[in-house]
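Enquirer: Below is coords16.csv; it holds CSV, C-alpha atoms and all ligand atoms.
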```
chain,number,residue,atom,x,y,z
A,125,MET,CA,13.8,5.2,-20.7
A,126,ILE,CA,10.2,4.3,-19.7
A,127,PRO,CA,10.3,5.0,-15.9
A,128,ILE,CA,8.9,2.5,-13.4
A,129,ALA,CA,6.9,5.4,-11.8
A,130,ARG,CA,6.0,9.0,-12.7
A,131,PRO,CA,3.8,11.3,-10.6
A,132,ILE,CA,1.4,13.3,-12.7
A,133,LEU,CA,1.2,16.9,-11.5
A,134,GLY,CA,-0.1,19.7,-13.7
A,135,GLU,CA,-1.6,23.2,-13.8
A,136,GLU,CA,-4.4,22.4,-11.5
A,137,GLU,CA,-2.1,21.2,-8.7
A,138,LEU,CA,0.1,24.3,-9.3
A,139,ALA,CA,-2.9,26.6,-9.0
A,140,ALA,CA,-4.1,24.8,-5.8
A,141,VAL,CA,-0.6,25.2,-4.2
A,142,LYS,CA,-0.4,28.8,-5.3
A,143,GLU,CA,-3.8,29.5,-3.6
A,144,VAL,CA,-2.5,27.9,-0.3
A,145,LEU,CA,0.8,29.9,-0.5
A,146,GLY,CA,-1.3,33.1,-1.0
A,147,SER,CA,-3.6,32.3,1.9
A,148,GLY,CA,-0.8,32.5,4.6
A,149,MET,CA,-2.2,29.2,6.2
A,150,LEU,CA,0.4,26.5,5.6
A,151,ALA,CA,-0.1,23.9,8.4
A,152,GLN,CA,-3.1,21.8,9.0
A,153,GLY,CA,-6.2,23.9,8.3
A,154,PRO,CA,-9.3,24.0,6.0
A,155,LYS,CA,-7.7,22.3,3.0
A,156,VAL,CA,-6.7,19.3,5.3
A,157,LYS,CA,-10.3,19.2,6.6
A,158,ALA,CA,-11.7,19.3,3.1
A,159,PHE,CA,-9.3,16.5,1.9
A,160,GLU,CA,-10.2,14.3,4.8
A,161,ALA,CA,-13.9,14.7,4.1
A,162,ALA,CA,-13.5,14.1,0.3
A,163,PHE,CA,-11.2,11.1,0.7
A,164,ALA,CA,-13.4,9.5,3.4
A,165,ARG,CA,-16.5,10.0,1.3
A,166,ASP,CA,-14.8,8.5,-1.8
A,167,VAL,CA,-14.0,5.3,0.1
A,168,GLY,CA,-17.3,5.3,2.0
A,169,ARG,CA,-16.0,5.9,5.5
A,170,ARG,CA,-17.3,8.2,8.2
A,171,HIS,CA,-13.9,9.6,9.4
A,172,GLY,CA,-10.7,10.6,7.6
A,173,ILE,CA,-7.7,11.7,9.6
A,174,ALA,CA,-4.9,13.1,7.4
A,175,VAL,CA,-1.3,12.7,8.6
A,176,ALA,CA,2.2,13.4,7.4
A,177,ASN,CA,2.8,10.0,5.7
A,178,GLY,CA,1.6,6.5,5.5
A,179,THR,CA,4.0,5.3,8.2
A,180,ALA,CA,2.5,7.9,10.6
A,181,ALA,CA,-1.0,6.6,9.6
A,182,LEU,CA,-0.1,3.0,10.6
A,183,HIS,CA,1.6,4.1,13.8
A,184,ILE,CA,-1.3,6.2,15.0
A,185,ALA,CA,-4.0,3.6,13.9
A,186,LEU,CA,-2.2,0.9,15.8
A,187,LEU,CA,-1.9,3.1,18.9
A,188,ALA,CA,-5.6,4.2,18.6
A,189,HIS,CA,-6.5,0.5,18.6
A,190,GLY,CA,-4.6,0.0,21.9
A,191,ILE,CA,-1.7,-2.0,20.3
A,192,GLY,CA,1.3,-1.9,22.7
A,193,ALA,CA,3.8,-3.9,24.7
A,194,GLY,CA,3.0,-7.6,24.8
A,195,ALA,CA,0.7,-7.5,21.8
A,196,GLU,CA,1.3,-9.3,18.5
A,197,VAL,CA,-0.2,-8.3,15.2
A,198,LEU,CA,-0.5,-10.7,12.2
A,199,ILE,CA,1.1,-9.3,9.0
A,200,PRO,CA,2.4,-10.7,5.7
A,201,PRO,CA,6.1,-10.9,5.1
A,202,LEU,CA,5.8,-9.5,1.6
A,203,THR,CA,5.3,-5.8,2.1
A,204,PHE,CA,7.1,-2.5,2.8
A,205,PHE,CA,9.1,-2.2,6.0
A,206,ALA,CA,6.7,0.2,7.7
A,207,THR,CA,4.0,-2.5,8.0
A,208,ALA,CA,6.4,-4.2,10.6
A,209,SER,CA,8.4,-1.2,11.9
A,210,THR,CA,5.3,0.7,13.1
A,211,LEU,CA,4.3,-2.3,15.3
A,212,LEU,CA,7.8,-2.3,16.9
A,213,LEU,CA,7.4,1.5,17.4
A,214,CYS,CA,4.3,0.8,19.4
A,215,GLY,CA,6.2,-1.7,21.5
A,216,ALA,CA,4.3,-4.6,19.9
A,217,MET,CA,5.6,-7.5,17.8
A,218,PRO,CA,4.7,-8.6,14.3
A,219,ALA,CA,3.9,-12.3,13.6
A,220,PHE,CA,4.1,-13.3,10.0
A,221,VAL,CA,1.4,-15.1,8.1
A,222,ASP,CA,2.6,-16.6,4.7
A,223,VAL,CA,1.3,-15.2,1.4
A,224,ASP,CA,-0.7,-16.8,-1.4
A,225,ARG,CA,1.6,-17.9,-4.2
A,226,ASN,CA,-0.4,-16.1,-7.0
A,227,ALA,CA,-2.0,-13.1,-5.2
A,228,TYR,CA,1.1,-12.3,-3.1
A,229,ASN,CA,-1.2,-11.2,-0.3
A,230,MET,CA,-1.8,-12.8,3.2
A,231,ASP,CA,-3.1,-16.3,2.7
A,232,PRO,CA,-6.4,-16.3,4.5
A,233,ALA,CA,-6.3,-20.1,5.0
A,234,LYS,CA,-3.2,-19.6,7.3
A,235,VAL,CA,-4.6,-16.9,9.5
A,236,ALA,CA,-6.6,-18.9,12.1
A,237,ALA,CA,-3.6,-21.2,12.8
A,238,SER,CA,-1.3,-18.2,13.3
A,239,ILE,CA,-3.5,-16.6,16.0
A,240,SER,CA,-2.0,-16.8,19.5
A,241,ARG,CA,-3.1,-15.5,22.9
A,242,LYS,CA,-1.1,-12.4,22.2
A,243,THR,CA,-2.7,-11.6,18.8
A,244,ALA,CA,-4.3,-8.2,19.2
A,245,ALA,CA,-5.1,-7.4,15.6
A,246,ILE,CA,-4.7,-8.6,12.0
A,247,MET,CA,-3.2,-6.2,9.5
A,248,PRO,CA,-3.6,-7.5,5.9
A,249,VAL,CA,-1.8,-5.5,3.2
A,250,HIS,CA,-3.4,-4.8,-0.1
A,251,LEU,CA,-0.2,-5.3,-2.0
A,252,TYR,CA,0.6,-3.9,-5.4
A,253,GLY,CA,-3.0,-2.5,-5.7
A,254,GLN,CA,-4.9,-5.7,-5.1
A,255,THR,CA,-6.9,-6.2,-2.0
A,256,ALA,CA,-6.2,-9.1,0.3
A,257,GLU,CA,-8.8,-11.9,0.3
A,258,THR,CA,-10.4,-10.0,3.2
A,259,GLU,CA,-13.7,-11.8,3.9
A,260,PRO,CA,-12.3,-15.0,5.4
A,261,ILE,CA,-9.8,-12.8,7.4
A,262,LEU,CA,-12.7,-10.7,8.7
A,263,GLU,CA,-14.6,-13.9,9.7
A,264,VAL,CA,-11.7,-15.3,11.7
A,265,ALA,CA,-11.1,-11.8,13.3
A,266,LYS,CA,-14.8,-11.6,14.3
A,267,GLU,CA,-14.8,-15.1,15.8
A,268,ARG,CA,-11.8,-14.1,17.9
A,269,GLY,CA,-13.0,-10.6,18.7
A,270,ILE,CA,-9.9,-8.9,17.3
A,271,PRO,CA,-9.8,-5.9,14.9
A,272,VAL,CA,-8.6,-5.8,11.3
A,273,ILE,CA,-6.5,-2.9,10.3
A,274,GLU,CA,-6.0,-2.6,6.5
A,275,ASP,CA,-2.6,-1.5,5.2
A,276,ALA,CA,-4.1,0.1,2.1
A,277,ALA,CA,-1.0,2.2,1.4
A,278,GLN,CA,-0.8,0.7,-2.2
A,279,ALA,CA,-4.5,0.3,-3.0
A,280,HIS,CA,-6.2,3.6,-3.8
A,281,GLY,CA,-9.0,2.8,-6.1
A,282,ALA,CA,-8.9,-1.0,-5.6
A,283,GLU,CA,-12.2,-2.8,-4.9
A,284,TYR,CA,-13.3,-6.0,-3.3
A,285,HIS,CA,-16.9,-7.3,-3.6
A,286,GLY,CA,-18.0,-3.8,-4.7
A,287,LYS,CA,-16.4,-2.0,-1.8
A,288,LYS,CA,-13.4,0.2,-1.9
A,289,ALA,CA,-10.1,-0.9,-0.3
A,290,GLY,CA,-10.0,1.0,2.9
A,291,ASN,CA,-13.7,0.2,3.6
A,292,LEU,CA,-13.2,-3.5,4.5
A,293,GLY,CA,-11.7,-3.8,8.0
A,294,ASP,CA,-12.2,-1.7,11.2
A,295,THR,CA,-9.7,0.9,10.3
A,296,ALA,CA,-7.5,1.5,7.2
A,297,CYS,CA,-4.3,3.4,6.4
A,298,PHE,CA,-3.2,5.0,3.1
A,299,SER,CA,0.0,6.6,1.9
A,300,PHE,CA,0.2,9.4,-0.6
A,301,TYR,CA,3.9,9.1,-1.3
A,302,ALA,CA,5.1,10.4,-4.7
A,303,THR,CA,4.9,7.0,-6.6
A,304,LYS,CA,1.4,6.1,-5.3
A,305,ASN,CA,-1.8,6.0,-7.5
A,306,MET,CA,-2.4,9.5,-6.2
A,307,THR,CA,0.1,11.7,-4.3
A,308,THR,CA,0.5,14.6,-2.0
A,309,GLY,CA,4.3,14.4,-2.2
A,310,GLU,CA,4.4,12.8,1.3
A,311,GLY,CA,1.1,12.2,3.1
A,312,GLY,CA,-1.1,9.6,4.7
A,313,MET,CA,-4.7,9.0,5.8
A,314,ILE,CA,-6.5,6.9,8.4
A,315,LEU,CA,-10.0,5.9,7.7
A,316,THR,CA,-12.5,4.5,10.1
A,317,ASP,CA,-16.2,4.4,11.0
A,318,ASN,CA,-15.4,4.2,14.7
A,319,ASP,CA,-15.9,7.5,16.5
A,320,GLU,CA,-13.6,6.6,19.4
A,321,ILE,CA,-10.7,5.4,17.2
A,322,ALA,CA,-11.1,8.6,15.0
A,323,GLU,CA,-11.0,10.9,18.0
A,324,LYS,CA,-7.9,9.1,19.5
A,325,ALA,CA,-6.2,9.2,16.1
A,326,ARG,CA,-6.9,13.0,15.8
A,327,LEU,CA,-5.4,13.6,19.2
A,328,LEU,CA,-2.3,11.4,18.6
A,329,ARG,CA,-1.5,13.2,15.4
A,330,ASP,CA,-1.5,16.6,17.2
A,331,HIS,CA,0.3,16.2,20.5
A,332,GLY,CA,-2.9,15.1,22.2
A,333,GLN,CA,-4.2,18.6,22.0
A,334,VAL,CA,-7.9,19.1,22.6
A,335,SER,CA,-7.5,22.9,22.3
A,336,LYS,CA,-4.5,25.2,22.1
A,337,TYR,CA,-1.9,24.0,24.6
A,338,GLN,CA,-4.3,21.7,26.3
A,339,HIS,CA,-2.8,18.2,26.1
A,340,VAL,CA,-4.9,15.2,27.2
A,341,LEU,CA,-2.4,12.5,26.0
A,342,VAL,CA,1.1,12.2,24.7
A,343,GLY,CA,1.1,12.3,20.9
A,344,PHE,CA,3.1,13.3,18.0
A,345,ASN,CA,3.3,16.1,15.4
A,346,TYR,CA,2.1,14.0,12.5
A,347,ARG,CA,0.0,16.7,10.9
A,348,MET,CA,-0.4,17.1,7.1
A,349,THR,CA,0.3,20.5,5.5
A,350,GLU,CA,-2.2,22.6,3.6
A,351,ILE,CA,0.0,22.3,0.6
A,352,ALA,CA,-0.2,18.6,0.6
A,353,ALA,CA,-3.9,18.5,1.2
A,354,ALA,CA,-4.5,21.0,-1.7
A,355,ILE,CA,-2.6,18.7,-4.0
A,356,GLY,CA,-4.5,15.7,-2.7
A,357,LEU,CA,-7.9,17.3,-3.4
A,358,VAL,CA,-6.9,17.8,-7.0
A,359,GLN,CA,-5.4,14.3,-7.4
A,360,LEU,CA,-8.4,12.6,-5.8
A,361,LYS,CA,-10.6,13.9,-8.6
A,362,LYS,CA,-8.3,12.2,-11.2
A,363,LEU,CA,-7.9,9.0,-9.3
A,364,ASP,CA,-10.7,7.0,-11.0
A,365,GLY,CA,-9.4,7.9,-14.5
A,366,TRP,CA,-5.8,7.0,-13.6
A,367,VAL,CA,-6.9,3.7,-12.2
A,368,LYS,CA,-8.8,3.0,-15.4
A,369,GLN,CA,-5.6,3.8,-17.4
A,370,ARG,CA,-3.5,1.6,-15.2
A,371,ARG,CA,-6.0,-1.3,-15.7
A,372,ALA,CA,-6.0,-0.8,-19.4
A,373,ASN,CA,-2.1,-0.8,-19.5
A,374,ALA,CA,-2.1,-3.9,-17.3
A,375,LEU,CA,-4.6,-5.7,-19.6
A,376,ALA,CA,-2.5,-4.9,-22.6
A,377,LEU,CA,0.7,-6.0,-20.9
A,378,THR,CA,-0.9,-9.3,-19.8
A,379,ASN,CA,-2.2,-9.9,-23.4
A,380,GLY,CA,1.3,-9.3,-24.7
A,381,LEU,CA,3.1,-11.4,-22.2
A,382,ASP,CA,0.6,-14.3,-22.1
A,383,GLY,CA,2.1,-17.3,-23.6
A,384,ILE,CA,5.7,-16.5,-22.8
A,385,GLU,CA,6.8,-19.8,-21.2
A,386,GLY,CA,8.1,-19.3,-17.6
A,387,LEU,CA,6.7,-15.8,-17.0
A,388,VAL,CA,3.5,-15.4,-15.0
A,389,PRO,CA,1.6,-12.1,-15.3
A,390,PRO,CA,-0.4,-10.8,-12.3
A,391,ALA,CA,-3.6,-12.7,-11.4
A,392,GLU,CA,-6.7,-10.7,-10.6
A,393,GLY,CA,-8.8,-12.4,-8.0
A,394,ASN,CA,-12.6,-13.0,-8.3
A,395,TRP,CA,-14.7,-10.0,-7.2
A,396,MET,CA,-11.6,-7.8,-7.1
A,397,VAL,CA,-10.7,-4.6,-9.0
A,398,HIS,CA,-6.9,-4.5,-9.1
A,399,SER,CA,-5.7,-0.9,-9.2
A,400,TYR,CA,-2.3,-1.9,-10.5
A,401,TYR,CA,-0.1,0.3,-8.3
A,402,GLN,CA,2.6,-2.2,-9.5
A,403,TYR,CA,2.5,-4.7,-12.4
A,404,ILE,CA,4.3,-7.7,-11.0
A,405,VAL,CA,5.7,-10.6,-13.1
A,406,ARG,CA,6.8,-13.9,-11.6
A,407,ARG,CA,9.7,-15.8,-13.2
A,408,GLU,CA,9.3,-19.6,-13.0
A,409,ASP,CA,12.2,-22.1,-13.3
A,410,SER,CA,11.4,-22.9,-17.0
A,411,PHE,CA,12.5,-19.3,-18.0
A,412,PRO,CA,16.0,-19.3,-19.5
A,413,LEU,CA,17.3,-16.2,-17.6
A,414,SER,CA,17.5,-15.5,-13.9
A,415,ARG,CA,15.2,-12.7,-12.5
A,416,ASP,CA,18.2,-10.4,-12.0
A,417,GLU,CA,19.4,-11.0,-15.5
A,418,ILE,CA,15.9,-10.2,-16.9
A,419,VAL,CA,15.9,-6.9,-14.9
A,420,ARG,CA,19.4,-6.0,-16.1
A,421,ARG,CA,18.6,-6.6,-19.8
A,422,LEU,CA,15.3,-4.7,-19.6
A,423,ASN,CA,17.1,-1.8,-18.0
A,424,GLU,CA,19.7,-1.9,-20.8
A,425,ASP,CA,16.8,-1.9,-23.2
A,426,GLY,CA,15.3,1.3,-21.7
A,427,ILE,CA,12.6,-0.3,-19.6
A,428,GLY,CA,12.4,0.8,-16.0
A,429,CYS,CA,12.2,-2.6,-14.5
A,430,ARG,CA,13.3,-3.6,-11.0
A,431,PRO,CA,13.0,-6.5,-8.6
A,432,SER,CA,10.2,-6.3,-6.1
A,433,TYR,CA,11.1,-6.5,-2.3
A,434,PRO,CA,14.5,-8.1,-1.8
A,435,MET,CA,13.5,-10.6,1.0
A,436,PRO,CA,10.7,-11.6,3.3
A,437,LEU,CA,10.6,-8.8,5.9
A,438,TYR,CA,11.7,-10.9,8.8
A,439,ARG,CA,15.1,-11.3,7.1
A,440,GLN,CA,15.8,-7.5,7.2
A,441,LYS,CA,18.8,-6.7,9.3
A,442,ALA,CA,16.7,-4.5,11.6
A,443,LEU,CA,14.3,-7.4,12.4
A,444,ARG,CA,16.2,-10.7,12.0
A,445,ASN,CA,17.4,-11.0,15.6
A,446,LEU,CA,14.1,-10.2,17.2
A,447,ARG,CA,12.8,-13.8,17.4
A,448,ILE,CA,9.7,-12.9,15.4
A,449,ARG,CA,7.2,-15.7,14.9
A,450,GLY,CA,6.4,-17.1,11.5
A,451,ARG,CA,8.7,-18.4,8.8
A,452,CYS,CA,7.0,-18.3,5.4
A,453,SER,CA,8.0,-20.9,2.8
A,454,VAL,CA,5.8,-19.5,0.0
A,455,ALA,CA,7.2,-16.0,0.5
A,456,GLU,CA,10.8,-17.4,0.6
A,457,ASP,CA,10.2,-19.1,-2.8
A,458,VAL,CA,8.3,-16.3,-4.5
A,459,VAL,CA,10.2,-13.2,-3.4
A,460,PRO,CA,13.3,-13.8,-5.5
A,461,ARG,CA,11.1,-14.5,-8.6
A,462,LEU,CA,9.2,-11.2,-8.8
A,463,PHE,CA,9.9,-8.1,-10.9
A,464,GLU,CA,8.0,-4.9,-11.7
A,465,LEU,CA,7.2,-3.4,-15.1
A,466,PRO,CA,6.0,0.1,-15.8
A,467,VAL,CA,2.1,0.4,-15.6
A,468,HIS,CA,1.5,4.0,-14.5
A,469,PRO,CA,-1.0,6.2,-16.5
A,470,SER,CA,1.7,7.8,-18.6
A,471,VAL,CA,2.5,4.5,-20.2
A,472,GLY,CA,0.7,4.4,-23.5
A,473,PRO,CA,0.0,1.7,-26.1
A,474,GLU,CA,3.4,2.3,-27.8
A,475,ASN,CA,5.2,1.9,-24.5
A,476,VAL,CA,3.3,-1.3,-23.9
A,477,ASP,CA,4.5,-2.7,-27.2
A,478,ASP,CA,8.1,-1.7,-26.4
A,479,ILE,CA,7.9,-3.3,-23.0
A,480,VAL,CA,6.4,-6.5,-24.4
A,481,GLU,CA,9.0,-6.7,-27.2
A,482,ALA,CA,11.8,-6.2,-24.7
A,483,VAL,CA,10.5,-8.9,-22.5
A,484,GLU,CA,10.1,-11.2,-25.5
A,485,ARG,CA,13.8,-10.6,-26.3
A,486,THR,CA,14.8,-11.8,-22.8
A,487,ALA,CA,13.0,-15.0,-23.6
A,488,ARG,CA,15.3,-15.6,-26.5
A,489,PRO,CA,18.7,-15.1,-25.0
A,490,THR,CA,21.6,-15.3,-27.5
B,1,LIG,C1,2.4,-1.4,2.2
B,1,LIG,C2,3.0,-0.1,2.7
B,1,LIG,N1,2.7,0.3,4.0
B,1,LIG,C3,3.2,1.5,4.5
B,1,LIG,C4,3.8,2.4,3.7
B,1,LIG,C5,4.3,3.6,4.3
B,1,LIG,O1,3.9,4.8,3.7
B,1,LIG,P1,4.9,6.1,3.6
B,1,LIG,O2,6.0,5.8,2.7
B,1,LIG,O3,3.9,7.2,3.1
B,1,LIG,O4,5.3,6.4,5.0
B,1,LIG,C6,4.1,2.1,2.4
B,1,LIG,C7,4.8,3.0,1.5
B,1,LIG,O5,5.3,3.3,0.7
B,1,LIG,C8,3.6,0.8,1.8
B,1,LIG,O6,3.9,0.5,0.6
```
Let me see the structure of the file written as structure tokens.
Expert:
Amino acid sequence: MIPIARPILGEEELAAVKEVLGSGMLAQGPKVKAFEAAFARDVGRRHGIAVANGTAALHIALLAHGIGAGAEVLIPPLTFFATASTLLLCGAMPAFVDVDRNAYNMDPAKVAASISRKTAAIMPVHLYGQTAETEPILEVAKERGIPVIEDAAQAHGAEYHGKKAGNLGDTACFSFYATKNMTTGEGGMILTDNDEIAEKARLLRDHGQVSKYQHVLVGFNYRMTEIAAAIGLVQLKKLDGWVKQRRANALALTNGLDGIEGLVPPAEGNWMVHSYYQYIVRREDSFPLSRDEIVRRLNEDGIGCRPSYPMPLYRQKALRNLRIRGRCSVAEDVVPRLFELPVHPSVGPENVDDIVEAVERTARPT
């Protein structure tokens, strides 16, 4: 079986973890500080605030931006649950802006019309490793005087107009979950250039403590461990190489799949460097098999293939009765057509050939 994702962890990570275990310092300490500085420098930001996971990063970033009861934040409906759930955890509401049919990211042309008196921020998601078309979103946000918070959980190593994902809006949030382009097992990071947002985020992550047992606000224990940070420092050094490998795999997959009638490989936007967290194929009506049948046959053939998200987020049971604004016809049409193929750095040329041949077989059902 060629798995859909596989974290790459080796001797260097093992040595880094051993060093931490030997140091006797397990919770947030010097490794976390070093990881924050290294990750922020890599993306080009002044501040990095490491946290326990990407969901915690979003939760804290939103609170640091003052998002709370009565506020609405614009998000796309095609994303992971945490993009919406963290808004609700702040007492705010999501409002959905439809996606572009080819990029699968928030459609910038639909942002201005979605803004209401309650809109307190825009949170584009850089989905599958490709940045949202951020410039026009930033323009609208600037006109209206509202911040842009990037959900960059899937976009380590992606670029837009020469800038890294995470260095485009006011504040950005990353996840280092096990399947991500780089991992700490579980982990997250907030990046910003804004001193006040950074300070508030640091406090919120650690019970609002300015010093031992001195609490100036009510926060959380969202701290990262030294073990996670030590792994992150090693992984960060390898990120560029892994993104290159993902991009080479994606190019080979696209060359192989090109010309199969009814299957559309991922599109890479102008001025973007797609970091291929996921390689997403769209099934059009001219293809002889349903999306689910393609997935079933590829799995039978040893290819770790799966559908992407099952529904636009507002249809999730936890959200559907909340009277959330924004029904999205493009997302409704596109979501049931998408499936993922393996693109991670451990996929080699032979695997690519196997994947392409297996997909070709689904195009000739018997
Ligand atoms: C787009 C998006 N946002 C937020 C998250 C939440 O990150 P985590 O799983 O680290 O809490 C994820 C995670 O997988 C994600 O893909």
Enquirer: Need the shell around Cys452 in chain A: protein/DNA/RNA residues with any atom at most 12 Å away, counting all atoms listed in the file. Skip same-chain ones fewer than 3 positions apart. Format as a list in words?
Expert: Ile199, Pro200, Pro201, Leu202, Ala219, Phe220, Val221, Asp222, Val223, Asp224, Arg225, Tyr228, Met230, Asp231, Lys234, Ser238, Met435, Pro436, Leu437, Tyr438, Arg439, Ile448, Arg449, Ala455, Glu456, Asp457, Val458 and Val459 of chain A
Enquirer: Please write as a PyMOL selection string the list of polymer residues whose atoms come within 12 Å of (-4.2, 12.9, -4.8), counting only C-alpha atoms and keeping to the coordinates of the file.
Expert: chain A and resi 131-134+136-137+140+159-160+162-163+166+280-281+298-313+351-364+366
Enquirer: What gap, in Å, lies between CA of Glu464 in chain A and CA of Leu315 in chain A?
Expert: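 These two atoms are separated by 28.6 Å.
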Enquirer: Could you give me, as a list in words, every polymer residue with an atom at most 7 Å away from an atom of ligand LIG 1 (chain B), counting only C-alpha atoms and all ligand atoms?
Expert: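 I would give the residues around ligand LIG 1 (chain B) as Asn177, Gly178, Thr179, Ala180, Thr203, Phe204, Ala206, Thr207, Val249, Leu251, Asp275, Ala276, Ala277, Gln278, Ser299, Phe300, Tyr301, Glu310, Gly311 and Gly312 of chain A.
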Enquirer: Around the point (-2.2, 7.7, 12.5), in the coordinates given by the file, pick out the residues reaching within 7 Å, counting only C-alpha atoms, and return them as a PDB file with C-alpha atoms, in the frame of the given file.
Expert:
```pdb
ATOM      1  CA  VAL A 175      -1.300  12.700   8.600  1.00  0.00           C
ATOM      2  CA  ALA A 180       2.500   7.900  10.600  1.00  0.00           C
ATOM      3  CA  ALA A 181      -1.000   6.600   9.600  1.00  0.00           C
ATOM      4  CA  LEU A 182      -0.100   3.000  10.600  1.00  0.00           C
ATOM      5  CA  HIS A 183       1.600   4.100  13.800  1.00  0.00           C
ATOM      6  CA  ILE A 184      -1.300   6.200  15.000  1.00  0.00           C
ATOM      7  CA  ALA A 185      -4.000   3.600  13.900  1.00  0.00           C
ATOM      8  CA  ILE A 314      -6.500   6.900   8.400  1.00  0.00           C
ATOM      9  CA  ALA A 325      -6.200   9.200  16.100  1.00  0.00           C
ATOM     10  CA  ARG A 329      -1.500  13.200  15.400  1.00  0.00           C
TER      11      ARG A 329
END
```
Enquirer: Provide the CA of Lys324 in chain A to CA of Lys157 in chain A distance in Å, to one decimal place.
Expert: 16.6 Å
Enquirer: Mind giving me the straight-line distance from CA of Glu267 in chain A to CA of Glu196 in chain A in Å, one decimal?
Expert: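 Interatomic distance here is 17.3 Å.
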Enquirer: Find the spatial neighbours of Gly194 in chain A, counting only C-alpha atoms, within a cut-off of 9 Å - ignore same-chain residues fewer than 2 positions away - and output them as a ChimeraX atom specification.
Expert: /A:191-192,196,215-217,242
Enquirer: Calculated over all atoms listed in the file, which of the candidates A:Arg406, A:Lys266, A:Lys142, A:Lys288 has the smallest distance to Ile418 in chain A?
Expert: A:Arg406
Enquirer: Can you take the partial range 396-407 of chain A, add N, CA and C atoms, and return it as a PDB file, keeping the file's coordinate frame?
Expert:
```pdb
ATOM      1  N   MET A 396     -12.537  -8.833  -7.413  1.00  0.00           N
ATOM      2  CA  MET A 396     -11.600  -7.800  -7.100  1.00  0.00           C
ATOM      3  C   MET A 396     -11.379  -6.852  -8.249  1.00  0.00           C
ATOM      4  N   VAL A 397     -11.193  -5.578  -7.955  1.00  0.00           N
ATOM      5  CA  VAL A 397     -10.700  -4.600  -9.000  1.00  0.00           C
ATOM      6  C   VAL A 397      -9.288  -4.272  -8.555  1.00  0.00           C
ATOM      7  N   HIS A 398      -8.335  -4.771  -9.310  1.00  0.00           N
ATOM      8  CA  HIS A 398      -6.900  -4.500  -9.100  1.00  0.00           C
ATOM      9  C   HIS A 398      -6.632  -3.099  -9.560  1.00  0.00           C
ATOM     10  N   SER A 399      -6.011  -2.282  -8.728  1.00  0.00           N
ATOM     11  CA  SER A 399      -5.700  -0.900  -9.200  1.00  0.00           C
ATOM     12  C   SER A 399      -4.325  -0.728  -9.698  1.00  0.00           C
ATOM     13  N   TYR A 400      -3.588  -1.840  -9.802  1.00  0.00           N
ATOM     14  CA  TYR A 400      -2.300  -1.900 -10.500  1.00  0.00           C
ATOM     15  C   TYR A 400      -1.342  -0.732 -10.044  1.00  0.00           C
ATOM     16  N   TYR A 401      -1.150  -0.610  -8.722  1.00  0.00           N
ATOM     17  CA  TYR A 401      -0.100   0.300  -8.300  1.00  0.00           C
ATOM     18  C   TYR A 401       1.251  -0.264  -8.835  1.00  0.00           C
ATOM     19  N   GLN A 402       1.413  -1.566  -8.829  1.00  0.00           N
ATOM     20  CA  GLN A 402       2.600  -2.200  -9.500  1.00  0.00           C
ATOM     21  C   GLN A 402       2.065  -3.311 -10.397  1.00  0.00           C
ATOM     22  N   TYR A 403       2.781  -3.517 -11.494  1.00  0.00           N
ATOM     23  CA  TYR A 403       2.500  -4.700 -12.400  1.00  0.00           C
ATOM     24  C   TYR A 403       3.659  -5.651 -12.131  1.00  0.00           C
ATOM     25  N   ILE A 404       3.311  -6.787 -11.516  1.00  0.00           N
ATOM     26  CA  ILE A 404       4.300  -7.700 -11.000  1.00  0.00           C
ATOM     27  C   ILE A 404       4.338  -8.998 -11.858  1.00  0.00           C
ATOM     28  N   VAL A 405       5.495  -9.368 -12.344  1.00  0.00           N
ATOM     29  CA  VAL A 405       5.700 -10.600 -13.100  1.00  0.00           C
ATOM     30  C   VAL A 405       6.463 -11.602 -12.280  1.00  0.00           C
ATOM     31  N   ARG A 406       6.057 -12.883 -12.341  1.00  0.00           N
ATOM     32  CA  ARG A 406       6.800 -13.900 -11.600  1.00  0.00           C
ATOM     33  C   ARG A 406       7.567 -14.806 -12.590  1.00  0.00           C
ATOM     34  N   ARG A 407       8.835 -14.957 -12.338  1.00  0.00           N
ATOM     35  CA  ARG A 407       9.700 -15.800 -13.200  1.00  0.00           C
ATOM     36  C   ARG A 407       9.681 -17.239 -12.617  1.00  0.00           C
TER      37      ARG A 407
END
```
